[in-house]
Amino acid sequence: MVYVKSPGRANIIGEHTDYNHGLVLPFAIEQRIDLIIGQNKSGALRLFAKDLDEYVEWNANQLKFMDKGWSRYFINAMVALNLDLSVGVDVVFGGNLPQGGGVSSSSAITCGFIAGINFIFKLGLSDEEMIKLASQAENGIGLDGGIMDQTSIFKGVKGKALKIDFLDHTIEQYDMPTSEFSFYLLNSGQKHNLVETEYNQRRATCNKALKSLNKSNSTIHTFRDVSLDDIQTKLIDPIEQKRSIHIIQENERVKHVIGALRTKDYHKIGPLLLESHTSLSKLYEVSTQEIDYLVQRCQEESKILGSRIMGGGFGGCTICFTNGKLSKKEFNGIQKDYMIKTGLHLTILEISACQGIQCFPV
Ligand code: GLA
């Protein structure tokens with residue numbers, strides 16, 4: 001048997017850039033999914049969701065991609081793994097990651113399960129292979145997602161932000177800000193299921209824009225080869241223009257935040273988060289009125305240096321960067337105003353950079 005600790009992820013900056021060969025700056029967080037995985041002799045996939053107190057059982061040899069219910073994360077991972085098993089698999093799992101809150105709870109389950117299967121069946125898969133399988137499993141539910149989440153969940157390092165470059169798939173580690181500064185997630189209470197949002201459409205628009213750019217200049221292969229001038233002169237569609245400008249400028253903002261981490265000029269990070277939010281709201285159009293209000297309300301707090309919508313968007317969390325810890329009174333003030341404005345209950349999590357997936361024999 002194996003015990004797997006599979007963290008969620010937060011992203012400081014670099015949103016919707018992963019599937020556009022861009023830069024991201026995420027980290028694995030302490031809040032996580034725990035899984036215990038073992039073999040059984042009955043040839044069944046037996047799943048127990050501790051937090052829901054629900055048990056389901058499937059024939060492990062007749063699994064097909066599923067798009068509904070929580071057991072799809074395990075079933076789709078098994079389909080992606082495509083193992084020839086003479087035994088069955090038992091899983092008990094639970095955790096403290098908010099679901100549908102933009103911290104990648106579904107990837108934490110999928111990645112943790114794949115890592116556990118790799119461990120107990122000694123498959124010898126590399127992190128990179130498991131990241132790919134997890135992404136295939138998640139694409140089985142209809143999301144044409146990037147691989148930032150899976151990469152951060154596998155590659156997280158305690159105390160470090162990861163600069164992942166999706167052009168050459170290299171990872172660099174940067175020290176997180178010192179302890180006078182903190183990151184929080186504010187969960188807007190607007191649940192999102194990315195499959196039901198316009199996430200796939202955003203990706204398709206970017207691909208279309210890139211095709212047009214490549215047609216007019218064959219040296220353009222990714223947005224990293226594109227200038228703002230190219231966008232103005234070579235793209236006609238205003239929507240494609242807006243989406244492309246976001247990608248180019250977001251990559252630059254990632255570089256600026258990394259510069260600030262390097263030189264410990266942490267005060268520079270807040271305004272960059274705000275710029276990113278404005279761009280995600282106005283150019284990439286993945287924010288909501290409620291989250292726009294939340295970001296604006298947070299600016300009234302002197303300790304909050306900046307915040308922005310995080311993850312796929314259309315609901316979920318904001319990531320909030322502060323100088324000093326937010327007091328209960330300060331948070332309650334934001335929570336109350338947010339409730340009056342939106343009718344939604346805001347929750348808060350303090351987050352820090354933690355180790356990626358860990359497997360322990362039991
Ligand atoms: C979701 C996807 C990621 C990434 C973000 C947006 O979290 O799973 O791959 O595209 O949205 O940055």
# chains A, B, ... in the order shown; residues from 1 in each chain; ligands from 1
>>> select_by_dssp(residues="range 84-204 of chain A", states="strand (DSSP E)", output="MDAnalysis selection string")
chainID A and resid 88:95 160:165 170:175 181:187
>>> residues_near_ligand(ligand="ligand 1", cutoff="10 Å", atoms="only C-alpha atoms and all ligand atoms", output="CSV table (one decimal) with N, CA and C atoms, in the first residue's frame")
chain,number,residue,atom,x,y,z
A,9,ARG,N,-2.3,23.7,-6.1
A,9,ARG,CA,-1.3,24.7,-6.6
A,9,ARG,C,-1.9,26.1,-6.6
A,10,ALA,N,-1.0,27.0,-6.4
A,10,ALA,CA,-1.4,28.4,-6.6
A,10,ALA,C,-0.5,29.0,-7.7
A,11,ASN,N,-0.9,30.1,-8.3
A,11,ASN,CA,0.0,30.7,-9.3
A,11,ASN,C,0.1,32.1,-9.0
A,13,ILE,N,1.7,34.4,-10.9
A,13,ILE,CA,1.4,35.2,-12.2
A,13,ILE,C,1.7,34.3,-13.4
A,14,GLY,N,1.1,34.6,-14.5
A,14,GLY,CA,1.3,33.9,-15.7
A,14,GLY,C,0.0,33.0,-15.9
A,15,GLU,N,-1.0,33.7,-16.3
A,15,GLU,CA,-2.3,33.0,-16.4
A,15,GLU,C,-2.7,32.9,-17.9
A,16,HIS,N,-3.1,31.6,-18.3
A,16,HIS,CA,-3.5,31.3,-19.6
A,16,HIS,C,-2.3,31.4,-20.6
A,17,THR,N,-1.1,31.3,-20.0
A,17,THR,CA,0.1,31.3,-20.8
A,17,THR,C,0.6,29.9,-21.0
A,18,ASP,N,0.2,29.0,-20.2
A,18,ASP,CA,0.8,27.6,-20.3
A,18,ASP,C,0.6,27.0,-21.6
A,19,TYR,N,-0.7,27.0,-22.1
A,19,TYR,CA,-1.0,26.4,-23.3
A,19,TYR,C,-0.7,27.3,-24.5
A,20,ASN,N,0.0,28.4,-24.2
A,20,ASN,CA,0.5,29.3,-25.3
A,20,ASN,C,2.0,29.4,-25.3
A,23,LEU,N,5.2,31.6,-20.1
A,23,LEU,CA,5.8,31.5,-18.8
A,23,LEU,C,4.8,31.5,-17.6
A,24,VAL,N,5.0,30.8,-16.6
A,24,VAL,CA,4.1,30.8,-15.4
A,24,VAL,C,5.0,30.8,-14.2
A,26,PRO,N,4.0,29.3,-10.7
A,26,PRO,CA,3.2,28.7,-9.7
A,26,PRO,C,4.0,28.1,-8.5
A,102,GLY,N,-10.5,26.8,-7.9
A,102,GLY,CA,-9.4,27.2,-8.7
A,102,GLY,C,-8.0,26.9,-8.1
A,103,VAL,N,-8.0,25.9,-7.2
A,103,VAL,CA,-6.7,25.5,-6.7
A,103,VAL,C,-6.3,24.1,-7.2
A,104,SER,N,-7.0,23.7,-8.3
A,104,SER,CA,-6.6,22.5,-8.9
A,104,SER,C,-6.9,21.2,-8.1
A,105,SER,N,-8.0,21.1,-7.4
A,105,SER,CA,-8.3,19.9,-6.7
A,105,SER,C,-8.4,18.7,-7.6
A,106,SER,N,-9.0,18.9,-8.8
A,106,SER,CA,-9.1,17.7,-9.6
A,106,SER,C,-7.8,17.2,-10.1
A,107,SER,N,-6.8,18.1,-10.4
A,107,SER,CA,-5.5,17.6,-10.8
A,107,SER,C,-4.8,17.0,-9.7
A,135,SER,N,-2.6,14.7,-17.7
A,135,SER,CA,-3.2,15.7,-18.6
A,135,SER,C,-4.2,15.0,-19.5
A,138,GLU,N,-7.3,14.1,-17.8
A,138,GLU,CA,-8.2,15.3,-17.6
A,138,GLU,C,-8.8,15.8,-18.9
A,143,LEU,N,-11.8,18.9,-21.1
A,143,LEU,CA,-11.0,20.2,-20.9
A,143,LEU,C,-9.7,20.1,-21.7
A,144,ASP,N,-9.6,21.1,-22.6
A,144,ASP,CA,-8.3,21.1,-23.4
A,144,ASP,C,-7.3,22.0,-22.6
A,145,GLY,N,-7.0,21.5,-21.4
A,145,GLY,CA,-6.2,22.3,-20.4
A,145,GLY,C,-4.7,22.3,-20.7
A,146,GLY,N,-4.0,23.2,-20.1
A,146,GLY,CA,-2.5,23.2,-20.2
A,146,GLY,C,-2.0,22.3,-19.1
A,147,ILE,N,-0.7,22.3,-18.9
A,147,ILE,CA,-0.1,21.4,-17.9
A,147,ILE,C,0.6,22.1,-16.7
A,148,MET,N,0.2,23.4,-16.5
A,148,MET,CA,0.8,24.1,-15.4
A,148,MET,C,0.5,23.4,-14.1
A,149,ASP,N,-0.8,23.0,-13.9
A,149,ASP,CA,-1.2,22.5,-12.6
A,149,ASP,C,-0.5,21.2,-12.3
A,150,GLN,N,-0.5,20.2,-13.3
A,150,GLN,CA,0.1,18.9,-13.1
A,150,GLN,C,1.6,19.1,-12.8
A,151,THR,N,2.2,20.0,-13.6
A,151,THR,CA,3.7,20.2,-13.4
A,151,THR,C,4.0,20.8,-12.0
A,194,LEU,N,-14.3,24.2,-15.1
A,194,LEU,CA,-13.8,24.8,-16.3
A,194,LEU,C,-14.3,24.2,-17.6
A,199,TYR,N,-13.2,28.2,-21.3
A,199,TYR,CA,-11.8,28.0,-21.3
A,199,TYR,C,-11.3,27.4,-22.7
A,200,ASN,N,-12.0,26.3,-23.2
A,200,ASN,CA,-11.5,25.7,-24.4
A,200,ASN,C,-11.6,26.7,-25.6
A,202,ARG,N,-11.2,30.0,-25.4
A,202,ARG,CA,-10.0,30.9,-25.3
A,202,ARG,C,-8.8,30.2,-26.0
A,203,ARG,N,-8.6,29.0,-25.7
A,203,ARG,CA,-7.5,28.3,-26.2
A,203,ARG,C,-7.6,28.2,-27.8
A,280,LEU,N,-6.7,40.1,-17.5
A,280,LEU,CA,-7.5,38.9,-17.5
A,280,LEU,C,-9.0,39.3,-17.6
A,286,VAL,N,-11.9,36.6,-18.6
A,286,VAL,CA,-12.1,35.4,-17.9
A,286,VAL,C,-12.5,35.7,-16.4
A,309,ILE,N,-7.4,37.5,-10.2
A,309,ILE,CA,-8.1,36.2,-10.3
A,309,ILE,C,-7.0,35.2,-10.7
A,310,MET,N,-7.2,34.0,-10.1
A,310,MET,CA,-6.1,33.0,-10.3
A,310,MET,C,-6.7,31.7,-11.0
A,311,GLY,N,-5.9,31.1,-11.8
A,311,GLY,CA,-6.3,29.8,-12.4
A,311,GLY,C,-7.1,30.1,-13.7
A,312,GLY,N,-8.0,29.1,-14.1
A,312,GLY,CA,-8.7,29.2,-15.3
A,312,GLY,C,-9.7,30.4,-15.4
A,313,GLY,N,-10.2,30.8,-14.2
A,313,GLY,CA,-11.1,32.0,-14.2
A,313,GLY,C,-12.6,31.6,-14.2
>>> closest_atom_pairs(of="range 200-318 of chain A", to="range 177-193 of chain A", cutoff="6 Å", atoms="only C-alpha atoms", output="Markdown table")
| residue | atom | partner | partner_atom | distance |
| --- | --- | --- | --- | --- |
| A:Gly315 | CA | A:Gln190 | CA | 4.8 |
| A:Gly316 | CA | A:Lys191 | CA | 5.7 |
| A:Cys317 | CA | A:Asn187 | CA | 4.3 |
| A:Thr318 | CA | A:Leu186 | CA | 5.2 |
>>> write_last_selection(atoms="C-alpha atoms", output="compact mmCIF listing (two decimals), in the first residue's frame")
# COMPACT_ATOMS: atom_id res chain seq x y z
CA GLY A 315 -15.07 32.13 -10.67
CA GLY A 316 -12.79 30.45 -8.14
CA CYS A 317 -10.12 32.28 -6.15
CA THR A 318 -8.08 35.42 -6.19
>>> atom_distance(atom1="CA of Glu198 in chain A", atom2="CA of Thr110 in chain A")
22.4 Å
>>> closest_residue(among="A:Glu252, A:Glu300, A:Asp53, A:Asp165", to="Ile334 in chain A", atoms="only C-alpha atoms")
A:Glu300
>>> closest_residue(among="A:Leu167, A:Gly88, A:Arg243, A:Pro238", to="Asp225 in chain A", atoms="only C-alpha atoms")
A:Leu167
>>> residues_around(residues="Leu47 in chain A", least_positions_apart="4", cutoff="8 Å", atoms="only C-alpha atoms", output="count of residues only")
7
>>> select_by_dssp(residues="range 94-270 of chain A", states="helix (DSSP H, G or I)", output="number ranges by chain")
A: 105-120, 127-139, 148-155, 194-196, 199-216, 223-225, 228-234, 238-263, 266-270
>>> write_last_selection(atoms="C-alpha atoms", output="tab-separated table (two decimals), in the first residue's frame")
chain	number	residue	atom	x	y	z
A	105	SER	CA	-8.29	19.93	-6.65
A	106	SER	CA	-9.13	17.71	-9.64
A	107	SER	CA	-5.50	17.64	-10.83
A	108	ALA	CA	-4.37	16.90	-7.28
A	109	ILE	CA	-6.61	13.82	-7.23
A	110	THR	CA	-5.61	12.66	-10.73
A	111	CYS	CA	-1.87	13.27	-10.24
A	112	GLY	CA	-1.87	11.74	-6.75
A	113	PHE	CA	-3.64	8.63	-8.00
A	114	ILE	CA	-1.27	8.18	-10.95
A	115	ALA	CA	1.76	8.67	-8.67
A	116	GLY	CA	0.35	6.06	-6.26
A	117	ILE	CA	-0.32	3.53	-9.03
A	118	ASN	CA	3.20	4.12	-10.36
A	119	PHE	CA	4.52	3.44	-6.86
A	120	ILE	CA	2.61	0.27	-6.00
A	127	ASP	CA	7.40	12.80	-13.47
A	128	GLU	CA	7.17	14.03	-17.06
A	129	GLU	CA	5.39	10.84	-18.17
A	130	MET	CA	2.99	11.06	-15.23
A	131	ILE	CA	2.29	14.74	-15.97
A	132	LYS	CA	1.40	13.76	-19.54
A	133	LEU	CA	-0.85	10.90	-18.41
A	134	ALA	CA	-2.61	13.12	-15.87
A	135	SER	CA	-3.24	15.69	-18.56
A	136	GLN	CA	-4.61	13.01	-20.94
A	137	ALA	CA	-6.87	11.77	-18.15
A	138	GLU	CA	-8.16	15.30	-17.56
A	139	ASN	CA	-8.64	15.92	-21.28
A	148	MET	CA	0.81	24.08	-15.40
A	149	ASP	CA	-1.23	22.46	-12.63
A	150	GLN	CA	0.10	18.93	-13.06
A	151	THR	CA	3.67	20.22	-13.39
A	152	SER	CA	3.45	22.29	-10.18
A	153	ILE	CA	1.82	19.41	-8.29
A	154	PHE	CA	4.64	17.01	-9.25
A	155	LYS	CA	7.55	19.45	-9.19
A	194	LEU	CA	-13.77	24.76	-16.34
A	195	VAL	CA	-15.31	22.25	-18.75
A	196	GLU	CA	-18.53	24.27	-18.62
A	199	TYR	CA	-11.79	27.95	-21.32
A	200	ASN	CA	-11.54	25.73	-24.42
A	201	GLN	CA	-12.81	28.59	-26.55
A	202	ARG	CA	-10.01	30.87	-25.29
A	203	ARG	CA	-7.46	28.27	-26.25
A	204	ALA	CA	-9.02	27.82	-29.70
A	205	THR	CA	-9.01	31.61	-30.31
A	206	CYS	CA	-5.31	31.80	-29.42
A	207	ASN	CA	-4.53	28.94	-31.81
A	208	LYS	CA	-6.48	30.70	-34.55
A	209	ALA	CA	-4.67	33.99	-33.94
A	210	LEU	CA	-1.32	32.24	-34.07
A	211	LYS	CA	-2.23	30.56	-37.37
A	212	SER	CA	-3.08	33.94	-38.92
A	213	LEU	CA	0.16	35.44	-37.60
A	214	ASN	CA	2.15	32.54	-39.00
A	215	LYS	CA	0.45	32.95	-42.39
A	216	SER	CA	1.65	36.52	-42.65
A	223	PHE	CA	3.46	33.98	-29.17
A	224	ARG	CA	7.06	34.29	-28.00
A	225	ASP	CA	7.93	35.30	-31.60
A	228	LEU	CA	2.63	44.05	-30.07
A	229	ASP	CA	3.24	45.67	-33.42
A	230	ASP	CA	2.63	42.32	-35.19
A	231	ILE	CA	-0.72	42.08	-33.43
A	232	GLN	CA	-1.81	45.54	-34.52
A	233	THR	CA	-0.64	45.11	-38.10
A	234	LYS	CA	-1.26	41.41	-38.81
A	238	PRO	CA	-10.44	42.47	-32.41
A	239	ILE	CA	-11.09	39.48	-30.13
A	240	GLU	CA	-7.97	37.70	-31.38
A	241	GLN	CA	-6.06	40.95	-30.89
A	242	LYS	CA	-7.18	41.31	-27.26
A	243	ARG	CA	-6.41	37.70	-26.36
A	244	SER	CA	-2.97	37.88	-28.01
A	245	ILE	CA	-2.04	41.16	-26.27
A	246	HIS	CA	-2.82	39.52	-22.93
A	247	ILE	CA	-0.51	36.59	-23.67
A	248	ILE	CA	2.42	38.76	-24.77
A	249	GLN	CA	2.13	41.19	-21.86
A	250	GLU	CA	1.48	38.45	-19.28
A	251	ASN	CA	4.75	36.75	-20.25
A	252	GLU	CA	6.53	40.09	-19.65
A	253	ARG	CA	4.83	40.46	-16.26
A	254	VAL	CA	6.07	37.01	-15.23
A	255	LYS	CA	9.62	38.15	-16.04
A	256	HIS	CA	9.13	41.34	-14.00
A	257	VAL	CA	7.84	39.43	-10.95
A	258	ILE	CA	10.83	37.09	-11.20
A	259	GLY	CA	13.08	40.16	-11.31
A	260	ALA	CA	11.41	41.45	-8.14
A	261	LEU	CA	11.86	38.07	-6.39
A	262	ARG	CA	15.53	38.02	-7.38
A	263	THR	CA	16.27	41.52	-6.12
A	266	TYR	CA	8.71	42.69	-3.20
A	267	HIS	CA	6.68	45.91	-3.35
A	268	LYS	CA	6.92	45.74	-7.14
A	269	ILE	CA	4.89	42.52	-7.19
A	270	GLY	CA	1.52	43.97	-6.14
>>> atom_distance(atom1="CA of His21 in chain A", atom2="CA of His169 in chain A")
8.8 Å
>>> atom_distance(atom1="CA of Leu274 in chain A", atom2="CA of Arg308 in chain A")
5.9 Å
>>> closest_residue(among="A:Cys359, A:Leu25, A:Ala80, A:Met1", to="Gln173 in chain A", atoms="only C-alpha atoms")
A:Leu25
>>> residues_around(residues="Val89 in chain A", least_positions_apart="5", cutoff="6 Å", atoms="only C-alpha atoms", output="PyMOL selection string")
chain A and resi 38-40+45
>>> residues_around(residues="Ile304 in chain A", least_positions_apart="4", cutoff="7 Å", atoms="only C-alpha atoms", output="tab-separated table (two decimals) with C-alpha atoms, in the first residue's frame")
chain	number	residue	atom	x	y	z
A	298	CYS	CA	-8.91	44.49	-1.57
A	299	GLN	CA	-7.10	47.60	-2.81
A	320	CYS	CA	-3.68	38.17	-2.77
A	321	PHE	CA	-0.18	39.43	-1.87
A	322	THR	CA	0.25	41.26	1.42
A	323	ASN	CA	2.89	43.01	3.47
>>> closest_residue(among="A:Thr342, A:Thr197, A:Val362, A:Ser327", to="Asp292 in chain A", atoms="only C-alpha atoms")
A:Thr342
>>> closest_residue(among="A:Lys158, A:Ile319, A:Lys341, A:Gly22", to="Val226 in chain A", atoms="only C-alpha atoms")
A:Gly22
>>> closest_residue(among="A:Ser352, A:Ser307, A:Gln296, A:Ser302", to="Asp337 in chain A", atoms="only C-alpha atoms")
A:Gln296
>>> decode(residues="range 193-314 of chain A", atoms="C-alpha atoms", output="PDB file, in the first residue's frame")
ATOM      1  CA  ASN A 193     -16.145  23.803 -13.545  1.00  0.00           C
ATOM      2  CA  LEU A 194     -13.770  24.762 -16.345  1.00  0.00           C
ATOM      3  CA  VAL A 195     -15.312  22.254 -18.754  1.00  0.00           C
ATOM      4  CA  GLU A 196     -18.526  24.274 -18.619  1.00  0.00           C
ATOM      5  CA  THR A 197     -16.764  27.611 -19.144  1.00  0.00           C
ATOM      6  CA  GLU A 198     -15.263  29.263 -22.217  1.00  0.00           C
ATOM      7  CA  TYR A 199     -11.785  27.955 -21.319  1.00  0.00           C
ATOM      8  CA  ASN A 200     -11.544  25.727 -24.422  1.00  0.00           C
ATOM      9  CA  GLN A 201     -12.812  28.591 -26.553  1.00  0.00           C
ATOM     10  CA  ARG A 202     -10.012  30.872 -25.291  1.00  0.00           C
ATOM     11  CA  ARG A 203      -7.462  28.272 -26.249  1.00  0.00           C
ATOM     12  CA  ALA A 204      -9.020  27.818 -29.698  1.00  0.00           C
ATOM     13  CA  THR A 205      -9.009  31.614 -30.305  1.00  0.00           C
ATOM     14  CA  CYS A 206      -5.309  31.803 -29.423  1.00  0.00           C
ATOM     15  CA  ASN A 207      -4.530  28.942 -31.808  1.00  0.00           C
ATOM     16  CA  LYS A 208      -6.483  30.703 -34.551  1.00  0.00           C
ATOM     17  CA  ALA A 209      -4.670  33.994 -33.938  1.00  0.00           C
ATOM     18  CA  LEU A 210      -1.319  32.238 -34.069  1.00  0.00           C
ATOM     19  CA  LYS A 211      -2.225  30.557 -37.369  1.00  0.00           C
ATOM     20  CA  SER A 212      -3.082  33.939 -38.920  1.00  0.00           C
ATOM     21  CA  LEU A 213       0.159  35.436 -37.598  1.00  0.00           C
ATOM     22  CA  ASN A 214       2.150  32.537 -39.000  1.00  0.00           C
ATOM     23  CA  LYS A 215       0.448  32.950 -42.388  1.00  0.00           C
ATOM     24  CA  SER A 216       1.650  36.525 -42.645  1.00  0.00           C
ATOM     25  CA  ASN A 217       5.105  35.741 -41.263  1.00  0.00           C
ATOM     26  CA  SER A 218       6.329  32.160 -41.398  1.00  0.00           C
ATOM     27  CA  THR A 219       9.011  32.789 -38.752  1.00  0.00           C
ATOM     28  CA  ILE A 220       6.236  33.154 -36.150  1.00  0.00           C
ATOM     29  CA  HIS A 221       5.659  29.797 -34.458  1.00  0.00           C
ATOM     30  CA  THR A 222       4.534  30.789 -30.958  1.00  0.00           C
ATOM     31  CA  PHE A 223       3.458  33.984 -29.166  1.00  0.00           C
ATOM     32  CA  ARG A 224       7.065  34.290 -28.000  1.00  0.00           C
ATOM     33  CA  ASP A 225       7.931  35.295 -31.597  1.00  0.00           C
ATOM     34  CA  VAL A 226       5.188  37.945 -31.725  1.00  0.00           C
ATOM     35  CA  SER A 227       5.462  41.682 -30.976  1.00  0.00           C
ATOM     36  CA  LEU A 228       2.635  44.046 -30.070  1.00  0.00           C
ATOM     37  CA  ASP A 229       3.239  45.670 -33.422  1.00  0.00           C
ATOM     38  CA  ASP A 230       2.632  42.320 -35.192  1.00  0.00           C
ATOM     39  CA  ILE A 231      -0.716  42.084 -33.433  1.00  0.00           C
ATOM     40  CA  GLN A 232      -1.805  45.535 -34.519  1.00  0.00           C
ATOM     41  CA  THR A 233      -0.644  45.113 -38.103  1.00  0.00           C
ATOM     42  CA  LYS A 234      -1.264  41.415 -38.807  1.00  0.00           C
ATOM     43  CA  LEU A 235      -4.422  40.516 -36.896  1.00  0.00           C
ATOM     44  CA  ILE A 236      -7.788  41.837 -38.029  1.00  0.00           C
ATOM     45  CA  ASP A 237     -10.152  40.237 -35.525  1.00  0.00           C
ATOM     46  CA  PRO A 238     -10.444  42.473 -32.407  1.00  0.00           C
ATOM     47  CA  ILE A 239     -11.086  39.481 -30.134  1.00  0.00           C
ATOM     48  CA  GLU A 240      -7.966  37.698 -31.384  1.00  0.00           C
ATOM     49  CA  GLN A 241      -6.059  40.954 -30.886  1.00  0.00           C
ATOM     50  CA  LYS A 242      -7.182  41.307 -27.260  1.00  0.00           C
ATOM     51  CA  ARG A 243      -6.405  37.700 -26.360  1.00  0.00           C
ATOM     52  CA  SER A 244      -2.972  37.884 -28.006  1.00  0.00           C
ATOM     53  CA  ILE A 245      -2.041  41.160 -26.270  1.00  0.00           C
ATOM     54  CA  HIS A 246      -2.825  39.518 -22.929  1.00  0.00           C
ATOM     55  CA  ILE A 247      -0.512  36.586 -23.668  1.00  0.00           C
ATOM     56  CA  ILE A 248       2.420  38.761 -24.770  1.00  0.00           C
ATOM     57  CA  GLN A 249       2.130  41.186 -21.857  1.00  0.00           C
ATOM     58  CA  GLU A 250       1.476  38.448 -19.279  1.00  0.00           C
ATOM     59  CA  ASN A 251       4.749  36.753 -20.247  1.00  0.00           C
ATOM     60  CA  GLU A 252       6.527  40.085 -19.653  1.00  0.00           C
ATOM     61  CA  ARG A 253       4.832  40.460 -16.262  1.00  0.00           C
ATOM     62  CA  VAL A 254       6.071  37.013 -15.233  1.00  0.00           C
ATOM     63  CA  LYS A 255       9.624  38.151 -16.041  1.00  0.00           C
ATOM     64  CA  HIS A 256       9.132  41.342 -13.998  1.00  0.00           C
ATOM     65  CA  VAL A 257       7.835  39.428 -10.954  1.00  0.00           C
ATOM     66  CA  ILE A 258      10.826  37.086 -11.195  1.00  0.00           C
ATOM     67  CA  GLY A 259      13.085  40.157 -11.315  1.00  0.00           C
ATOM     68  CA  ALA A 260      11.411  41.445  -8.138  1.00  0.00           C
ATOM     69  CA  LEU A 261      11.858  38.071  -6.391  1.00  0.00           C
ATOM     70  CA  ARG A 262      15.525  38.023  -7.384  1.00  0.00           C
ATOM     71  CA  THR A 263      16.267  41.521  -6.119  1.00  0.00           C
ATOM     72  CA  LYS A 264      13.835  41.202  -3.174  1.00  0.00           C
ATOM     73  CA  ASP A 265      11.927  44.297  -4.373  1.00  0.00           C
ATOM     74  CA  TYR A 266       8.708  42.695  -3.203  1.00  0.00           C
ATOM     75  CA  HIS A 267       6.685  45.913  -3.348  1.00  0.00           C
ATOM     76  CA  LYS A 268       6.917  45.738  -7.136  1.00  0.00           C
ATOM     77  CA  ILE A 269       4.886  42.517  -7.195  1.00  0.00           C
ATOM     78  CA  GLY A 270       1.520  43.974  -6.135  1.00  0.00           C
ATOM     79  CA  PRO A 271       1.046  46.367  -9.076  1.00  0.00           C
ATOM     80  CA  LEU A 272       2.004  43.572 -11.495  1.00  0.00           C
ATOM     81  CA  LEU A 273      -0.705  41.333 -10.013  1.00  0.00           C
ATOM     82  CA  LEU A 274      -3.208  44.136 -10.485  1.00  0.00           C
ATOM     83  CA  GLU A 275      -2.128  44.671 -14.090  1.00  0.00           C
ATOM     84  CA  SER A 276      -2.513  40.954 -14.673  1.00  0.00           C
ATOM     85  CA  HIS A 277      -6.029  41.067 -13.223  1.00  0.00           C
ATOM     86  CA  THR A 278      -7.058  43.992 -15.415  1.00  0.00           C
ATOM     87  CA  SER A 279      -5.739  42.169 -18.440  1.00  0.00           C
ATOM     88  CA  LEU A 280      -7.504  38.902 -17.495  1.00  0.00           C
ATOM     89  CA  SER A 281     -10.698  40.869 -16.966  1.00  0.00           C
ATOM     90  CA  LYS A 282     -10.645  43.262 -19.934  1.00  0.00           C
ATOM     91  CA  LEU A 283      -8.520  41.555 -22.590  1.00  0.00           C
ATOM     92  CA  TYR A 284      -8.802  37.824 -21.883  1.00  0.00           C
ATOM     93  CA  GLU A 285     -12.299  38.200 -20.385  1.00  0.00           C
ATOM     94  CA  VAL A 286     -12.124  35.361 -17.863  1.00  0.00           C
ATOM     95  CA  SER A 287     -13.077  37.321 -14.734  1.00  0.00           C
ATOM     96  CA  THR A 288     -16.529  37.927 -13.273  1.00  0.00           C
ATOM     97  CA  GLN A 289     -18.179  41.080 -11.908  1.00  0.00           C
ATOM     98  CA  GLU A 290     -17.968  39.620  -8.397  1.00  0.00           C
ATOM     99  CA  ILE A 291     -14.237  38.951  -8.638  1.00  0.00           C
ATOM    100  CA  ASP A 292     -13.573  42.340 -10.223  1.00  0.00           C
ATOM    101  CA  TYR A 293     -15.299  43.863  -7.188  1.00  0.00           C
ATOM    102  CA  LEU A 294     -13.255  41.702  -4.802  1.00  0.00           C
ATOM    103  CA  VAL A 295      -9.950  42.762  -6.374  1.00  0.00           C
ATOM    104  CA  GLN A 296     -11.015  46.405  -6.209  1.00  0.00           C
ATOM    105  CA  ARG A 297     -12.211  46.077  -2.575  1.00  0.00           C
ATOM    106  CA  CYS A 298      -8.907  44.487  -1.567  1.00  0.00           C
ATOM    107  CA  GLN A 299      -7.101  47.599  -2.813  1.00  0.00           C
ATOM    108  CA  GLU A 300      -8.694  49.552   0.058  1.00  0.00           C
ATOM    109  CA  GLU A 301      -6.632  47.536   2.566  1.00  0.00           C
ATOM    110  CA  SER A 302      -3.214  49.026   3.145  1.00  0.00           C
ATOM    111  CA  LYS A 303      -1.565  45.642   3.782  1.00  0.00           C
ATOM    112  CA  ILE A 304      -2.762  44.235   0.449  1.00  0.00           C
ATOM    113  CA  LEU A 305      -0.212  45.091  -2.220  1.00  0.00           C
ATOM    114  CA  GLY A 306      -2.186  43.521  -5.047  1.00  0.00           C
ATOM    115  CA  SER A 307      -4.443  40.647  -6.045  1.00  0.00           C
ATOM    116  CA  ARG A 308      -5.814  39.029  -9.154  1.00  0.00           C
ATOM    117  CA  ILE A 309      -8.084  36.246 -10.342  1.00  0.00           C
ATOM    118  CA  MET A 310      -6.145  32.986 -10.314  1.00  0.00           C
ATOM    119  CA  GLY A 311      -6.347  29.832 -12.442  1.00  0.00           C
ATOM    120  CA  GLY A 312      -8.712  29.205 -15.323  1.00  0.00           C
ATOM    121  CA  GLY A 313     -11.108  31.956 -14.219  1.00  0.00           C
ATOM    122  CA  PHE A 314     -14.894  32.375 -14.474  1.00  0.00           C
TER     123      PHE A 314
END
